Amino acid sequence: MTHASTHTHTGTGHHHAGHTPQHEPDVGSQAEILDLDAEVLSEHIASITAWLPVEKTPTRVVDLGCGTGAGTFALLARFPETEVVAVDASDDHLSRLRAKADELGVADRVRTVAADLDADWPDLGRPELVWASASLHHMADPDRALRKVNDLLAPGGLFAVVELAGFPRFLPADAPADRPGLEERCHAALEHHGAEHVSHRGADWGPKLAAAGFTVEGERVITVNVDGSRDTAVGRYALSSLRRLRAGAAHALSAEDLGSLDQLLDAGSPHSVLRRDDLAVRTERSVWAARRP
């Protein structure tokens, strides 16, 4: 069994389960990142759904804090006969998810539910599988949410928790040429900021799941390293993500670092990340599979 890190990290703010925190940028930019995240990391998400120790094909799956549907569509592909109930606080996210379901011809297998999971939970049926990707750490009381999932699941059902091990890295360590190490300084600033605002990010969910009555059956870390030269979406993903990083880290950066970062974020600049041929997406995702007795 591979154990997840217990250090506090700051990710991209995916899949809001409750309200959108005030310190985060607008939902539009968040939705764009969620869509790019799903596109660039689709193989990794599929590998997680394939790994889940599901004993029989579920008839109903609940995706808690579904965002724009990265997990929803991976689960629909993994279980072709299954209905997915996609839950999120953002009407914009759910609207995008429904539009994509229509495009893919799976709208009849998706039900969207708008809900703030920090408040009273709506009726979500009796699923055999609940999926929560990068959503638990946003909740005001994650331990309460874990107990609610235990009550929600069918006996013997499975709860899959996926968490990000920090905001993705995109640039080489010696980049950019005028301010080497810029990306790491941005991360350091954002990590301090995130530790103040999202205290549950980076938690080890294994003991929390056990305390809520689950039996943890599997735990693993997925290492992500996607070469930008093989995927044109990586440049757009880097641009959107670094813009979000700037919004959270700007207060702690020097004028020189901000100037260099702004050149990377200027799509018209010769120094733009869109013109670099050395980008990669580097991060980790920790996964827990826990069963309700």
# chains A, B, ... in the order shown; residues from 1 in each chain; ligands from 1
$ select_by_dssp --residues "range 18-258 of chain A" --states "strand (DSSP E or B)" --output "VMD selection string"
chain A and resid 60 to 64 83 to 88 110 to 114 129 to 133 158 to 164 169 215 to 227
$ residues_around --residues "Ser133 in chain A" --least-positions-apart "4" --cutoff "9 Å" --atoms "only C-alpha atoms" --output "PyMOL selection string"
chain A and resi 14-15+63-66+71+160-164+287
$ closest_residue --among "A:Ala31, A:Pro207, A:Ala247, A:Glu128" --to "Pro155 in chain A" --atoms "only C-alpha atoms"
A:Glu128
$ residues_around --residues "range 39-52 of chain A" --least-positions-apart "3" --cutoff "8 Å" --atoms "only C-alpha atoms" --output "list in words"
Asp35, Leu36, Ala70, Gly71, Ala74, Leu75, Arg78, Ala160, Ile222, Val224, Val226, Asp231, Ala233, Val234, Tyr237, Val287 and Ala289 of chain A
$ atom_distance --atom1 "CA of Arg144 in chain A" --atom2 "CA of Ala115 in chain A"
15.6 Å
$ decode --residues "range 275-291 of chain A" --atoms "N, CA, C and O atoms" --output "PDB file, in the first residue's frame"
ATOM      1  N   ARG A 275       4.221  29.736 -25.810  1.00  0.00           N
ATOM      2  CA  ARG A 275       5.301  29.616 -26.800  1.00  0.00           C
ATOM      3  C   ARG A 275       6.463  28.751 -26.293  1.00  0.00           C
ATOM      4  O   ARG A 275       7.465  28.604 -26.990  1.00  0.00           O
ATOM      5  N   ARG A 276       6.338  28.197 -25.113  1.00  0.00           N
ATOM      6  CA  ARG A 276       7.413  27.364 -24.567  1.00  0.00           C
ATOM      7  C   ARG A 276       7.249  25.924 -25.038  1.00  0.00           C
ATOM      8  O   ARG A 276       6.132  25.408 -25.143  1.00  0.00           O
ATOM      9  N   ASP A 277       8.372  25.248 -25.284  1.00  0.00           N
ATOM     10  CA  ASP A 277       8.324  23.847 -25.706  1.00  0.00           C
ATOM     11  C   ASP A 277       8.846  22.918 -24.607  1.00  0.00           C
ATOM     12  O   ASP A 277       9.145  21.747 -24.857  1.00  0.00           O
ATOM     13  N   ASP A 278       8.961  23.456 -23.376  1.00  0.00           N
ATOM     14  CA  ASP A 278       9.516  22.666 -22.282  1.00  0.00           C
ATOM     15  C   ASP A 278       8.535  22.517 -21.119  1.00  0.00           C
ATOM     16  O   ASP A 278       8.933  22.246 -19.981  1.00  0.00           O
ATOM     17  N   LEU A 279       7.248  22.680 -21.397  1.00  0.00           N
ATOM     18  CA  LEU A 279       6.250  22.557 -20.343  1.00  0.00           C
ATOM     19  C   LEU A 279       5.928  21.089 -20.050  1.00  0.00           C
ATOM     20  O   LEU A 279       6.064  20.215 -20.914  1.00  0.00           O
ATOM     21  N   ALA A 280       5.503  20.843 -18.832  1.00  0.00           N
ATOM     22  CA  ALA A 280       4.974  19.536 -18.445  1.00  0.00           C
ATOM     23  C   ALA A 280       3.990  19.765 -17.311  1.00  0.00           C
ATOM     24  O   ALA A 280       4.032  20.792 -16.631  1.00  0.00           O
ATOM     25  N   VAL A 281       3.073  18.831 -17.113  1.00  0.00           N
ATOM     26  CA  VAL A 281       2.172  18.878 -15.964  1.00  0.00           C
ATOM     27  C   VAL A 281       2.687  17.861 -14.951  1.00  0.00           C
ATOM     28  O   VAL A 281       2.697  16.658 -15.219  1.00  0.00           O
ATOM     29  N   ARG A 282       3.129  18.352 -13.802  1.00  0.00           N
ATOM     30  CA  ARG A 282       3.694  17.478 -12.769  1.00  0.00           C
ATOM     31  C   ARG A 282       2.926  17.679 -11.461  1.00  0.00           C
ATOM     32  O   ARG A 282       2.877  18.788 -10.924  1.00  0.00           O
ATOM     33  N   THR A 283       2.333  16.599 -10.980  1.00  0.00           N
ATOM     34  CA  THR A 283       1.619  16.649  -9.698  1.00  0.00           C
ATOM     35  C   THR A 283       1.380  15.222  -9.228  1.00  0.00           C
ATOM     36  O   THR A 283       1.828  14.261  -9.856  1.00  0.00           O
ATOM     37  N   GLU A 284       0.672  15.086  -8.126  1.00  0.00           N
ATOM     38  CA  GLU A 284       0.264  13.778  -7.617  1.00  0.00           C
ATOM     39  C   GLU A 284      -1.191  13.843  -7.180  1.00  0.00           C
ATOM     40  O   GLU A 284      -1.688  14.911  -6.828  1.00  0.00           O
ATOM     41  N   ARG A 285      -1.834  12.679  -7.222  1.00  0.00           N
ATOM     42  CA  ARG A 285      -3.182  12.559  -6.673  1.00  0.00           C
ATOM     43  C   ARG A 285      -3.201  11.368  -5.726  1.00  0.00           C
ATOM     44  O   ARG A 285      -2.721  10.291  -6.075  1.00  0.00           O
ATOM     45  N   SER A 286      -3.721  11.599  -4.538  1.00  0.00           N
ATOM     46  CA  SER A 286      -3.844  10.532  -3.541  1.00  0.00           C
ATOM     47  C   SER A 286      -5.273  10.006  -3.572  1.00  0.00           C
ATOM     48  O   SER A 286      -6.228  10.771  -3.686  1.00  0.00           O
ATOM     49  N   VAL A 287      -5.413   8.690  -3.469  1.00  0.00           N
ATOM     50  CA  VAL A 287      -6.722   8.049  -3.590  1.00  0.00           C
ATOM     51  C   VAL A 287      -6.932   7.081  -2.433  1.00  0.00           C
ATOM     52  O   VAL A 287      -6.028   6.318  -2.078  1.00  0.00           O
ATOM     53  N   TRP A 288      -8.109   7.142  -1.845  1.00  0.00           N
ATOM     54  CA  TRP A 288      -8.525   6.197  -0.816  1.00  0.00           C
ATOM     55  C   TRP A 288      -9.800   5.503  -1.282  1.00  0.00           C
ATOM     56  O   TRP A 288     -10.719   6.163  -1.774  1.00  0.00           O
ATOM     57  N   ALA A 289      -9.870   4.202  -1.096  1.00  0.00           N
ATOM     58  CA  ALA A 289     -11.102   3.431  -1.355  1.00  0.00           C
ATOM     59  C   ALA A 289     -11.565   2.852  -0.031  1.00  0.00           C
ATOM     60  O   ALA A 289     -10.853   2.060   0.595  1.00  0.00           O
ATOM     61  N   ALA A 290     -12.746   3.282   0.415  1.00  0.00           N
ATOM     62  CA  ALA A 290     -13.245   2.889   1.734  1.00  0.00           C
ATOM     63  C   ALA A 290     -14.643   2.290   1.603  1.00  0.00           C
ATOM     64  O   ALA A 290     -15.480   2.800   0.849  1.00  0.00           O
ATOM     65  N   ARG A 291     -14.871   1.205   2.337  1.00  0.00           N
ATOM     66  CA  ARG A 291     -16.155   0.507   2.210  1.00  0.00           C
ATOM     67  C   ARG A 291     -17.018   0.696   3.451  1.00  0.00           C
ATOM     68  O   ARG A 291     -16.522   0.681   4.583  1.00  0.00           O
TER      69      ARG A 291
END
